[in-house]
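**Q** I have a structure I would like to understand better, so I am pasting it below and will then ask my questions one at a time.
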Protein chains: 4
Amino acid sequence: MRGLAETLVEDRRFSSAVMVAVIANALVLGLDTYAEFPVTVHRAFAYIDEVFVAFFVFEQTLKLYAWRRLFFDNAWNVFDLSVVTISLLAVGPFAPLGPFSVLRILRVLRALRLVSVIPSLRRVVEALIRAVPGISAILGVLTVFFYIGAVMTTSLYGADHKELFGSLGASVVTLFQLMIFDGWAGEVVRTVGATHPGSQIFFMVFTIVTGFAVLNLFIAVMVDALRAEHDRLETGDIEAIEQGQQTTAREVDEVEQSVRALEAKVDAMMEKIETMTAALEKHDRGNS
Amino acid sequence: MRGLAETLVEDRRFSSAVMVAVIANALVLGLDTYAEFPVTVHRAFAYIDEVFVAFFVFEQTLKLYAWRRLFFDNAWNVFDLSVVTISLLAVGPFAPLGPFSVLRILRVLRALRLVSVIPSLRRVVEALIRAVPGISAILGVLTVFFYIGAVMTTSLYGADHKELFGSLGASVVTLFQLMIFDGWAGEVVRTVGATHPGSQIFFMVFTIVTGFAVLNLFIAVMVDALRAEHDRLETGDIEAIEQGQQTTAREVDEVEQSVRALEAKVDAMMEKIETMTAALEKHDRGNS
Amino acid sequence: MRGLAETLVEDRRFSSAVMVAVIANALVLGLDTYAEFPVTVHRAFAYIDEVFVAFFVFEQTLKLYAWRRLFFDNAWNVFDLSVVTISLLAVGPFAPLGPFSVLRILRVLRALRLVSVIPSLRRVVEALIRAVPGISAILGVLTVFFYIGAVMTTSLYGADHKELFGSLGASVVTLFQLMIFDGWAGEVVRTVGATHPGSQIFFMVFTIVTGFAVLNLFIAVMVDALRAEHDRLETGDIEAIEQGQQTTAREVDEVEQSVRALEAKVDAMMEKIETMTAALEKHDRGNS
Amino acid sequence: MRGLAETLVEDRRFSSAVMVAVIANALVLGLDTYAEFPVTVHRAFAYIDEVFVAFFVFEQTLKLYAWRRLFFDNAWNVFDLSVVTISLLAVGPFAPLGPFSVLRILRVLRALRLVSVIPSLRRVVEALIRAVPGISAILGVLTVFFYIGAVMTTSLYGADHKELFGSLGASVVTLFQLMIFDGWAGEVVRTVGATHPGSQIFFMVFTIVTGFAVLNLFIAVMVDALRAEHDRLETGDIEAIEQGQQTTAREVDEVEQSVRALEAKVDAMMEKIETMTAALEKHDRGNS
């Protein structure tokens, strides 16, 4: 039984069917947003959606049954399972009612499986996630700057500019707006500057400092990407050069040993010649 | 006949004439936008434009006649032919009437030939197009994010904010606006935040995630450009080093062979000396 | 006594306690911004804040006592001391009154110690500061452009557009807004263009020139980061290659010396053989 | 006389005096923008300004007299001379009157000499200018895109949106605004989209295509900067490696020659031994 499940789950046609279902489901969810459709159509969409959910529940159960513990070794399986489980909470008998009906929106998360079923998109998301640790320290510094900035602006300008700086949350939104250069002068700097002369300098400094931090965040991601590229490209070259050097060194070593061997032979020959000379001299002496 | 057409088409003066015609035509189309000119002037422009079209039709026909199948080997020829054909549909006897008169605007596409007739601009466009495959996966991920974002925001905020999120199309425009940091706080985040508290967090996350994806798209294009540069620059150096190594290795090899040859000679000499010693000893024994 | 202070100050648990105090203090300052809390709560926060200040004063005094002159060798100690001293001026008996009560906001600067107590954040800020000298010349050029731009726009457009260009300060804000592409057309270019035709060209040139300078500022920071990376990565490789070369050169040298030694021996042998031949010839002559 | 002028002009104290005059003049021009000053103060500023002009005219005349033709070899001298000449047209007896009084603003250009008198700023501007040729082709493509875009949008939307697309000039400003993501949705896309459904897609495509071209412009500047850096850094290393290789190759060559010399000697020795053997054999035969 389990072998059969494994064969089915690992079949290319099964993955293709899942991919088609994910895309079709995403399209249905998109069509469902058109308010112009009559209610019967929306009801039909809801029914179709439940069929998709049933299929995905079947798919996940089968995979869990086939792979058991190995299922959890791949983070993407866990991702798929979470997405299906969460969207399960939003349909059919579990459908939230009344004030919680907003949670039905979570079904849309199923469309996130578009990423997990297409390998090239998967690699992109993996690369995006891998880039985060390298910038966590800069994000930490930005968090501190935003926190201090929010506390200061809320205290200083909150009373006069409720919408912009009325609370820590509002201040974070406004400071984010300054950092991304949005409505910088028109909405924030000139508005606050009218009531608090000198605040323009604070805003300029905040914008430049956080902008500079974001720039360095940017550069950190890029240097990481270039380092990976460098490792891939040059290491091969450098290794080839180093291997070439080792080969040369080995050959030179062999030459040295040959020369030494030759030296030993020449030494032996010299000894022979000396013996011969001695013999010859003795012979001469004997003759004379 | 065909040889004559080929000679004409490949003549430098012919390409120069085409270039001049393309630029002149573009200028006429630009002048034609000035609504202040009297109707007679606009009519004159229309007449001049038809002359240009006639020239371009002649040019394309000649090239097709001269090169036949080879014409289609160069994508830029196909581009020129398409542009001329499309703009042909918008003038003279084919001129669209009534509600279709808007199609006359397609004549302007002829000005795109400014790119195809100037080699340096051509190379830039070729480089831009070559950069696309390297970022197609990131564009795919962005498409999924935009699609899910549009479905969610249309469902959640569409009813209360018709202009921003009234349909999937409107939502895509608004999410694009968030991604490019345009009217971020003033038009979208604070407007929706007023009716849906907590939506600010969704918008911030969407902005940061898509911004981060765009940053990586950016980096992907750059790493590709640097890789090409690297291949051009370093490969030469590395090859020079590797060639230098091979030369050294070959020389060391020659030394080794010389040493071995020397060894053989020394061995032969040793043999000779031993024979001699033996002869000398025999001689000595014979003497004594 | 001083040894005890040193032991305490360098204890890991002491640094941990300081870190916890800095974070807790930052949170209290954040909570204090909620205007909804009753006055008694804010008074409690003020009391807690004074306790934190007392602790930080104790901490700094202890460090000064323990390390004395060495304290000032680390710029972060000086930073901590300044932050604590400045915020000291804003609480308790030194609390500014009346129009100066705005200075109480300086207490928030204490939260900046979040950076100095977390080593990874410290390294980020150090990197940000290290990047400044490399871009100081570009900042200088930008300053000149802004100054000239501000003088020109104040003179030309100040009379008609008081809010945008009424004074040098207002002009700097507006030019900064042009440089960061904020409200470019809607707030500035079209507004001024309505009264001063042709000003659009000035604004476009200013935007492109300063934008290009900022781009080069960006690239300067990046090239610096890549240079540091390069030094870290390649120098190792290059050094390995160069060391490999030196090893080979040394070995080849040794081979050369061996060959020369061999040559000397062969020369000596040759002499011997010549002596022998001479002896043999003499012997032959003597025999005959 | 000319030698004296040359000595004066090349004196460090003279350049310092010019630098101080340029800075002081720039400050006076800045102070002059404050409309609050009484008329007498502005009149004083005008007088001081004329003194500066006199000094700069003296400086330029002296340099021309001292260096003659060599003066024009340095582009910065030509720049200084142009700036002084242009601002001369705006003061004293040449001061423009009536509608031309706006030209008095050209005096501010003298502050541009802040760049030419400070060497580090000079190098930055030189670097900025050097970067232009590398991006001229991309600027050409952008020009074509803007021209075609302006003709199309003026024809299509000009009638309904006079302010945004009423003329080619207005369209260029609006398209520039789209490219820099300013007021993208609020001022342009949604405004035009309300009267021309489908125009959103045109604007999105235009924004993405020009944005992508600007990105590549960016990358082109960066790759150039990195190439220069690479040349500076690596060429040294690569050359050191290549030189090391040549040294090794030369040494190996020497070894080979030594070995060959040795071989010749061994050959000679062999001959000798053979002669000896022959002599010995003859001797033996003679004896027996």
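Naming scheme: A, B, ... for chains in displayed order of the structure tokens; residues 1 onward per chain; ligands 1 onward as shown.
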Using 6 Å as the limit and counting only C-alpha atoms, can you tabulate each residue of chain B that touches chain A, with its shortest atom-to-atom distance in Å and the two atoms involved, as JSON lines?

**A**
```
{"residue": "B:Ala137", "atom": "CA", "partner": "A:Leu121", "partner_atom": "CA", "distance": 5.5}
{"residue": "B:Val141", "atom": "CA", "partner": "A:Leu121", "partner_atom": "CA", "distance": 5.7}
{"residue": "B:Val151", "atom": "CA", "partner": "A:Gly30", "partner_atom": "CA", "distance": 5.7}
{"residue": "B:Ala249", "atom": "CA", "partner": "A:Thr248", "partner_atom": "CA", "distance": 5.5}
{"residue": "B:Glu256", "atom": "CA", "partner": "A:Val255", "partner_atom": "CA", "distance": 5.2}
{"residue": "B:Glu263", "atom": "CA", "partner": "A:Leu262", "partner_atom": "CA", "distance": 5.9}
```

**Q** Since we have the selection now, will you write its residues out, keeping N, CA and C atoms, as a PDB file, in the first residue's frame?

**A**
```
ATOM      1  N   ALA B 137      12.763  34.391 -13.619  1.00  0.00           N
ATOM      2  CA  ALA B 137      12.254  33.683 -12.447  1.00  0.00           C
ATOM      3  C   ALA B 137      11.820  34.677 -11.372  1.00  0.00           C
ATOM      4  N   VAL B 141       8.128  35.251  -9.637  1.00  0.00           N
ATOM      5  CA  VAL B 141       7.783  35.344  -8.215  1.00  0.00           C
ATOM      6  C   VAL B 141       7.014  36.638  -7.947  1.00  0.00           C
ATOM      7  N   VAL B 151      -5.685  39.762  -5.377  1.00  0.00           N
ATOM      8  CA  VAL B 151      -6.898  39.024  -4.975  1.00  0.00           C
ATOM      9  C   VAL B 151      -7.268  39.382  -3.539  1.00  0.00           C
ATOM     10  N   ALA B 249      56.077  24.079 -17.213  1.00  0.00           N
ATOM     11  CA  ALA B 249      55.982  22.630 -17.045  1.00  0.00           C
ATOM     12  C   ALA B 249      56.697  21.924 -18.187  1.00  0.00           C
ATOM     13  N   GLU B 256      64.105  17.524 -17.266  1.00  0.00           N
ATOM     14  CA  GLU B 256      64.082  16.173 -16.720  1.00  0.00           C
ATOM     15  C   GLU B 256      64.616  15.174 -17.748  1.00  0.00           C
ATOM     16  N   GLU B 263      72.004  10.859 -17.371  1.00  0.00           N
ATOM     17  CA  GLU B 263      72.127   9.710 -16.489  1.00  0.00           C
ATOM     18  C   GLU B 263      72.525   8.468 -17.306  1.00  0.00           C
TER      19      GLU B 263
END
```

**Q** Go through D:Ala75, D:Thr154, D:Glu50, D:Ser87 and flag the residue nearest Leu175 (chain D), using only C-alpha atoms for the distances.

**A**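 Answer, going by the shortest atom-to-atom distance: D:Thr154.
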
**Q** Let's see if you can do this: from backbone DSSP, list all helix (DSSP H, G or I) residues in region 80-178 of chain B, as a CSV table (one decimal) with N, CA, C and O atoms, in the first residue's frame.

**A**
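states-v2.csv, written as the output of this step:
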```csv
chain,number,residue,atom,x,y,z
B,80,ASP,N,12.0,45.8,-38.3
B,80,ASP,CA,11.7,46.9,-39.3
B,80,ASP,C,10.5,46.6,-40.1
B,80,ASP,O,9.6,47.5,-40.3
B,81,LEU,N,10.4,45.4,-40.6
B,81,LEU,CA,9.3,45.0,-41.5
B,81,LEU,C,8.0,45.1,-40.7
B,81,LEU,O,7.0,45.6,-41.2
B,82,SER,N,8.0,44.6,-39.5
B,82,SER,CA,6.7,44.7,-38.7
B,82,SER,C,6.3,46.1,-38.4
B,82,SER,O,5.1,46.5,-38.6
B,83,VAL,N,7.3,46.9,-38.0
B,83,VAL,CA,7.0,48.3,-37.8
B,83,VAL,C,6.4,49.0,-39.0
B,83,VAL,O,5.4,49.8,-38.9
B,84,VAL,N,7.0,48.8,-40.2
B,84,VAL,CA,6.5,49.4,-41.4
B,84,VAL,C,5.1,48.9,-41.7
B,84,VAL,O,4.2,49.7,-42.1
B,85,THR,N,5.0,47.6,-41.6
B,85,THR,CA,3.7,47.0,-41.9
B,85,THR,C,2.6,47.5,-41.0
B,85,THR,O,1.5,47.9,-41.5
B,86,ILE,N,2.9,47.5,-39.7
B,86,ILE,CA,1.9,48.0,-38.7
B,86,ILE,C,1.5,49.5,-39.1
B,86,ILE,O,0.3,49.8,-39.1
B,87,SER,N,2.5,50.3,-39.3
B,87,SER,CA,2.2,51.7,-39.5
B,87,SER,C,1.5,51.9,-40.9
B,87,SER,O,0.8,52.9,-41.1
B,88,LEU,N,1.7,50.9,-41.8
B,88,LEU,CA,1.0,51.0,-43.1
B,88,LEU,C,-0.5,50.9,-42.9
B,88,LEU,O,-1.3,51.5,-43.6
B,92,GLY,N,-3.1,56.3,-45.4
B,92,GLY,CA,-3.6,56.2,-46.8
B,92,GLY,C,-4.9,55.5,-46.9
B,92,GLY,O,-5.8,55.6,-46.1
B,93,PRO,N,-4.9,54.6,-47.9
B,93,PRO,CA,-6.2,53.9,-48.2
B,93,PRO,C,-6.6,53.0,-47.0
B,93,PRO,O,-7.8,52.7,-46.9
B,94,PHE,N,-5.6,52.6,-46.2
B,94,PHE,CA,-6.0,51.7,-45.1
B,94,PHE,C,-6.4,52.4,-43.8
B,94,PHE,O,-6.6,51.8,-42.8
B,98,GLY,N,-13.5,56.5,-38.0
B,98,GLY,CA,-14.4,56.5,-36.9
B,98,GLY,C,-13.7,56.1,-35.6
B,98,GLY,O,-12.6,56.6,-35.3
B,99,PRO,N,-14.3,55.1,-34.8
B,99,PRO,CA,-13.7,54.8,-33.5
B,99,PRO,C,-12.3,54.2,-33.7
B,99,PRO,O,-11.5,54.1,-32.7
B,100,PHE,N,-11.9,53.7,-34.9
B,100,PHE,CA,-10.6,53.1,-35.0
B,100,PHE,C,-9.5,54.1,-35.4
B,100,PHE,O,-8.4,53.7,-35.5
B,101,SER,N,-9.9,55.4,-35.5
B,101,SER,CA,-8.9,56.4,-35.9
B,101,SER,C,-7.8,56.5,-34.9
B,101,SER,O,-6.7,57.0,-35.2
B,102,VAL,N,-8.1,56.0,-33.7
B,102,VAL,CA,-7.0,56.0,-32.7
B,102,VAL,C,-5.8,55.2,-33.1
B,102,VAL,O,-4.7,55.4,-32.7
B,103,LEU,N,-6.1,54.2,-34.0
B,103,LEU,CA,-5.0,53.3,-34.4
B,103,LEU,C,-4.0,54.1,-35.3
B,103,LEU,O,-2.9,53.6,-35.5
B,104,ARG,N,-4.4,55.3,-35.8
B,104,ARG,CA,-3.4,56.1,-36.6
B,104,ARG,C,-2.1,56.4,-35.8
B,104,ARG,O,-1.1,56.6,-36.3
B,105,ILE,N,-2.3,56.3,-34.4
B,105,ILE,CA,-1.1,56.6,-33.5
B,105,ILE,C,0.0,55.6,-33.8
B,105,ILE,O,1.2,55.8,-33.5
B,106,LEU,N,-0.4,54.4,-34.3
B,106,LEU,CA,0.6,53.3,-34.5
B,106,LEU,C,1.7,53.8,-35.5
B,106,LEU,O,2.8,53.2,-35.6
B,107,ARG,N,1.4,54.9,-36.3
B,107,ARG,CA,2.4,55.4,-37.2
B,107,ARG,C,3.7,55.8,-36.5
B,107,ARG,O,4.8,55.7,-37.0
B,108,VAL,N,3.5,56.2,-35.2
B,108,VAL,CA,4.6,56.7,-34.4
B,108,VAL,C,5.6,55.6,-34.2
B,108,VAL,O,6.8,55.9,-34.0
B,109,LEU,N,5.1,54.4,-34.2
B,109,LEU,CA,6.1,53.2,-34.0
B,109,LEU,C,7.2,53.2,-35.0
B,109,LEU,O,8.3,52.7,-34.7
B,110,ARG,N,6.9,53.8,-36.2
B,110,ARG,CA,8.0,53.9,-37.2
B,110,ARG,C,9.3,54.6,-36.6
B,110,ARG,O,10.4,54.3,-37.0
B,111,ALA,N,9.0,55.5,-35.6
B,111,ALA,CA,10.2,56.2,-35.0
B,111,ALA,C,11.0,55.2,-34.2
B,111,ALA,O,12.2,55.5,-33.9
B,112,LEU,N,10.5,54.1,-33.9
B,112,LEU,CA,11.3,53.1,-33.2
B,112,LEU,C,12.4,52.6,-34.0
B,112,LEU,O,13.4,52.1,-33.5
B,113,ARG,N,12.3,52.8,-35.4
B,113,ARG,CA,13.4,52.4,-36.3
B,113,ARG,C,14.6,53.3,-36.0
B,113,ARG,O,15.7,52.9,-36.5
B,114,LEU,N,14.5,54.4,-35.3
B,114,LEU,CA,15.7,55.2,-34.8
B,114,LEU,C,16.6,54.2,-34.1
B,114,LEU,O,17.9,54.4,-34.2
B,115,VAL,N,16.1,53.3,-33.4
B,115,VAL,CA,16.9,52.3,-32.7
B,115,VAL,C,17.6,51.4,-33.6
B,115,VAL,O,18.8,51.1,-33.6
B,116,SER,N,16.8,50.9,-34.6
B,116,SER,CA,17.4,49.8,-35.5
B,116,SER,C,18.3,50.4,-36.5
B,116,SER,O,19.2,49.6,-37.0
B,117,VAL,N,18.3,51.7,-36.8
B,117,VAL,CA,19.2,52.2,-37.8
B,117,VAL,C,20.5,52.8,-37.2
B,117,VAL,O,21.4,53.0,-37.9
B,119,PRO,N,23.5,51.8,-35.0
B,119,PRO,CA,24.1,50.6,-34.4
B,119,PRO,C,24.3,50.6,-32.9
B,119,PRO,O,24.1,49.6,-32.2
B,120,SER,N,24.8,51.8,-32.3
B,120,SER,CA,25.1,51.8,-30.9
B,120,SER,C,23.8,51.7,-30.1
B,120,SER,O,23.7,51.0,-29.0
B,121,LEU,N,22.7,52.2,-30.6
B,121,LEU,CA,21.4,52.1,-29.9
B,121,LEU,C,20.9,50.6,-30.0
B,121,LEU,O,20.3,50.1,-29.0
B,122,ARG,N,21.1,50.0,-31.1
B,122,ARG,CA,20.8,48.6,-31.3
B,122,ARG,C,21.5,47.7,-30.3
B,122,ARG,O,20.8,46.9,-29.7
B,123,ARG,N,22.8,48.0,-30.1
B,123,ARG,CA,23.5,47.1,-29.1
B,123,ARG,C,22.9,47.3,-27.7
B,123,ARG,O,22.8,46.3,-26.9
B,124,VAL,N,22.5,48.5,-27.4
B,124,VAL,CA,21.9,48.8,-26.0
B,124,VAL,C,20.6,48.0,-25.9
B,124,VAL,O,20.4,47.3,-24.9
B,125,VAL,N,19.8,48.0,-26.9
B,125,VAL,CA,18.5,47.3,-26.8
B,125,VAL,C,18.7,45.8,-26.8
B,125,VAL,O,18.1,45.0,-26.0
B,126,GLU,N,19.7,45.3,-27.6
B,126,GLU,CA,20.1,43.9,-27.5
B,126,GLU,C,20.5,43.5,-26.1
B,126,GLU,O,20.2,42.4,-25.6
B,127,ALA,N,21.3,44.4,-25.5
B,127,ALA,CA,21.8,44.1,-24.1
B,127,ALA,C,20.6,44.1,-23.2
B,127,ALA,O,20.5,43.2,-22.3
B,128,LEU,N,19.7,45.0,-23.3
B,128,LEU,CA,18.5,45.0,-22.5
B,128,LEU,C,17.7,43.7,-22.6
B,128,LEU,O,17.3,43.1,-21.6
B,129,ILE,N,17.5,43.3,-23.8
B,129,ILE,CA,16.7,42.0,-24.1
B,129,ILE,C,17.5,40.8,-23.5
B,129,ILE,O,16.9,39.9,-22.9
B,130,ARG,N,18.8,40.8,-23.7
B,130,ARG,CA,19.6,39.7,-23.2
B,130,ARG,C,19.5,39.5,-21.7
B,130,ARG,O,19.7,38.5,-21.2
B,133,PRO,N,16.1,37.0,-19.7
B,133,PRO,CA,16.0,35.6,-19.2
B,133,PRO,C,16.6,35.5,-17.8
B,133,PRO,O,16.0,34.8,-17.0
B,134,GLY,N,17.6,36.2,-17.5
B,134,GLY,CA,18.3,36.0,-16.2
B,134,GLY,C,17.4,36.5,-15.0
B,134,GLY,O,17.6,36.2,-13.9
B,135,ILE,N,16.3,37.3,-15.3
B,135,ILE,CA,15.5,37.8,-14.3
B,135,ILE,C,14.1,37.2,-14.4
B,135,ILE,O,13.2,37.6,-13.6
B,136,SER,N,13.8,36.3,-15.4
B,136,SER,CA,12.5,35.8,-15.6
B,136,SER,C,11.9,35.1,-14.4
B,136,SER,O,10.7,35.3,-14.0
B,137,ALA,N,12.8,34.4,-13.6
B,137,ALA,CA,12.3,33.7,-12.4
B,137,ALA,C,11.8,34.7,-11.4
B,137,ALA,O,10.8,34.5,-10.7
B,138,ILE,N,12.6,35.7,-11.2
B,138,ILE,CA,12.2,36.8,-10.2
B,138,ILE,C,11.0,37.5,-10.6
B,138,ILE,O,10.1,37.7,-9.8
B,139,LEU,N,10.8,37.7,-11.9
B,139,LEU,CA,9.6,38.3,-12.4
B,139,LEU,C,8.4,37.4,-12.2
B,139,LEU,O,7.3,37.8,-11.8
B,140,GLY,N,8.7,36.1,-12.3
B,140,GLY,CA,7.6,35.1,-12.0
B,140,GLY,C,7.2,35.2,-10.6
B,140,GLY,O,5.9,35.2,-10.3
B,141,VAL,N,8.1,35.3,-9.6
B,141,VAL,CA,7.8,35.3,-8.2
B,141,VAL,C,7.0,36.6,-7.9
B,141,VAL,O,6.0,36.6,-7.2
B,142,LEU,N,7.5,37.8,-8.6
B,142,LEU,CA,6.8,39.0,-8.4
B,142,LEU,C,5.3,38.9,-8.9
B,142,LEU,O,4.4,39.5,-8.3
B,143,THR,N,5.2,38.2,-10.0
B,143,THR,CA,3.8,38.1,-10.6
B,143,THR,C,2.9,37.3,-9.6
B,143,THR,O,1.8,37.7,-9.4
B,144,VAL,N,3.5,36.3,-9.0
B,144,VAL,CA,2.7,35.5,-8.0
B,144,VAL,C,2.3,36.4,-6.8
B,144,VAL,O,1.1,36.5,-6.4
B,145,PHE,N,3.3,37.2,-6.3
B,145,PHE,CA,3.1,38.1,-5.2
B,145,PHE,C,2.0,39.1,-5.6
B,145,PHE,O,1.1,39.4,-4.8
B,146,PHE,N,2.1,39.7,-6.8
B,146,PHE,CA,1.1,40.7,-7.2
B,146,PHE,C,-0.3,40.1,-7.3
B,146,PHE,O,-1.3,40.7,-6.9
B,147,TYR,N,-0.3,38.8,-7.9
B,147,TYR,CA,-1.6,38.2,-8.1
B,147,TYR,C,-2.3,37.9,-6.8
B,147,TYR,O,-3.5,38.3,-6.6
B,148,ILE,N,-1.6,37.3,-5.8
B,148,ILE,CA,-2.1,37.0,-4.5
B,148,ILE,C,-2.5,38.3,-3.8
B,148,ILE,O,-3.6,38.5,-3.2
B,149,GLY,N,-1.6,39.3,-3.9
B,149,GLY,CA,-1.8,40.6,-3.3
B,149,GLY,C,-3.1,41.3,-3.8
B,149,GLY,O,-3.9,41.8,-3.1
B,150,ALA,N,-3.3,41.2,-5.2
B,150,ALA,CA,-4.4,41.8,-5.8
B,150,ALA,C,-5.7,41.1,-5.4
B,150,ALA,O,-6.7,41.8,-5.1
B,151,VAL,N,-5.7,39.8,-5.4
B,151,VAL,CA,-6.9,39.0,-5.0
B,151,VAL,C,-7.3,39.4,-3.5
B,151,VAL,O,-8.4,39.7,-3.2
B,152,MET,N,-6.2,39.4,-2.6
B,152,MET,CA,-6.5,39.7,-1.2
B,152,MET,C,-7.0,41.1,-1.0
B,152,MET,O,-8.0,41.3,-0.3
B,153,THR,N,-6.3,42.1,-1.6
B,153,THR,CA,-6.7,43.5,-1.4
B,153,THR,C,-8.1,43.8,-2.0
B,153,THR,O,-8.9,44.5,-1.5
B,154,THR,N,-8.3,43.2,-3.2
B,154,THR,CA,-9.6,43.4,-3.8
B,154,THR,C,-10.8,42.9,-2.9
B,154,THR,O,-11.8,43.6,-2.7
B,155,SER,N,-10.6,41.7,-2.4
B,155,SER,CA,-11.6,41.1,-1.5
B,155,SER,C,-11.7,41.9,-0.2
B,155,SER,O,-12.9,42.1,0.2
B,156,LEU,N,-10.6,42.3,0.4
B,156,LEU,CA,-10.7,42.9,1.7
B,156,LEU,C,-11.1,44.4,1.6
B,156,LEU,O,-11.9,44.9,2.4
B,157,TYR,N,-10.4,45.2,0.7
B,157,TYR,CA,-10.6,46.6,0.7
B,157,TYR,C,-11.4,47.2,-0.4
B,157,TYR,O,-11.7,48.3,-0.5
B,162,LYS,N,-13.1,51.8,-3.7
B,162,LYS,CA,-13.3,51.4,-5.1
B,162,LYS,C,-12.2,51.9,-6.0
B,162,LYS,O,-11.8,51.1,-6.9
B,163,GLU,N,-11.7,53.1,-5.9
B,163,GLU,CA,-10.7,53.6,-6.8
B,163,GLU,C,-9.4,52.9,-6.7
B,163,GLU,O,-8.7,52.6,-7.7
B,164,LEU,N,-9.1,52.6,-5.4
B,164,LEU,CA,-7.8,51.9,-5.2
B,164,LEU,C,-7.8,50.4,-5.5
B,164,LEU,O,-6.9,49.9,-6.1
B,165,PHE,N,-8.8,49.8,-5.0
B,165,PHE,CA,-8.9,48.3,-5.0
B,165,PHE,C,-10.2,47.8,-5.5
B,165,PHE,O,-10.6,46.6,-5.2
B,168,LEU,N,-9.4,43.7,-9.8
B,168,LEU,CA,-8.0,43.1,-9.8
B,168,LEU,C,-7.1,44.1,-10.5
B,168,LEU,O,-6.0,44.3,-10.1
B,169,GLY,N,-7.6,44.7,-11.6
B,169,GLY,CA,-6.7,45.7,-12.4
B,169,GLY,C,-6.3,46.9,-11.5
B,169,GLY,O,-5.2,47.2,-11.4
B,170,ALA,N,-7.3,47.5,-10.9
B,170,ALA,CA,-7.1,48.6,-10.0
B,170,ALA,C,-6.1,48.2,-8.9
B,170,ALA,O,-5.2,49.0,-8.5
B,171,SER,N,-6.3,47.1,-8.3
B,171,SER,CA,-5.4,46.6,-7.2
B,171,SER,C,-4.0,46.4,-7.7
B,171,SER,O,-3.1,46.8,-7.0
B,172,VAL,N,-3.8,45.9,-8.9
B,172,VAL,CA,-2.5,45.7,-9.5
B,172,VAL,C,-1.8,47.1,-9.6
B,172,VAL,O,-0.6,47.3,-9.2
B,173,VAL,N,-2.6,48.1,-10.1
B,173,VAL,CA,-2.0,49.5,-10.2
B,173,VAL,C,-1.6,50.0,-8.8
B,173,VAL,O,-0.5,50.5,-8.6
B,174,THR,N,-2.5,49.8,-7.8
B,174,THR,CA,-2.2,50.3,-6.5
B,174,THR,C,-1.0,49.6,-5.9
B,174,THR,O,-0.2,50.2,-5.2
B,175,LEU,N,-0.9,48.2,-6.1
B,175,LEU,CA,0.2,47.5,-5.5
B,175,LEU,C,1.5,47.9,-6.2
B,175,LEU,O,2.5,48.0,-5.5
B,176,PHE,N,1.4,48.2,-7.5
B,176,PHE,CA,2.6,48.6,-8.2
B,176,PHE,C,3.0,50.0,-7.6
B,176,PHE,O,4.2,50.2,-7.4
B,177,GLN,N,2.1,50.8,-7.3
B,177,GLN,CA,2.3,52.1,-6.7
B,177,GLN,C,3.0,51.9,-5.3
B,177,GLN,O,3.9,52.7,-5.0
B,178,LEU,N,2.6,50.9,-4.6
B,178,LEU,CA,3.2,50.7,-3.3
B,178,LEU,C,4.7,50.2,-3.5
B,178,LEU,O,5.6,50.7,-2.8
```

**Q** Measure the distance from CA of Lys63 (chain C) to CA of Ala46 (chain C) in Å and round it to one decimal.

**A**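 These atoms are spaced 25.7 Å apart.
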
**Q** What is the distance between CA of Phe14 (chain B) and CA of Arg43 (chain B), in Å to one decimal?

**A**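 We find that CA of Phe14 (chain B) and CA of Arg43 (chain B) lie 28.5 Å from each other.
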
**Q** What does the distance between CA of Arg2 (chain A) and CA of Ala66 (chain A) come to in Å, to one decimal place?

**A** 5.6 Å

**Q** Skipping near chain neighbours, those fewer than 5 positions away, what residues fall within 12 Å of Trp67 (chain C) using only C-alpha atoms, listed as JSON, numbers by chain?

**A** {"C": [2, 3, 4, 5, 6, 7, 8, 9, 10, 60, 61, 62, 72, 73, 74, 77]}

**Q** Could you please take those selected residues and save C-alpha atoms as a CSV table (one decimal), in the first residue's frame?

**A**
```csv
chain,number,residue,atom,x,y,z
C,2,ARG,CA,39.9,49.5,41.9
C,3,GLY,CA,40.6,45.9,41.1
C,4,LEU,CA,37.2,45.0,42.5
C,5,ALA,CA,35.6,47.6,40.3
C,6,GLU,CA,37.5,46.3,37.3
C,7,THR,CA,36.4,42.7,38.0
C,8,LEU,CA,32.8,43.8,38.3
C,9,VAL,CA,32.8,46.0,35.2
C,10,GLU,CA,34.4,43.3,33.0
C,60,GLN,CA,29.5,55.0,34.0
C,61,THR,CA,31.1,56.1,37.2
C,62,LEU,CA,32.3,52.6,38.0
C,72,PHE,CA,38.6,57.1,26.7
C,73,ASP,CA,40.6,54.8,24.4
C,74,ASN,CA,37.3,53.2,23.2
C,77,ASN,CA,32.7,54.4,26.0
```
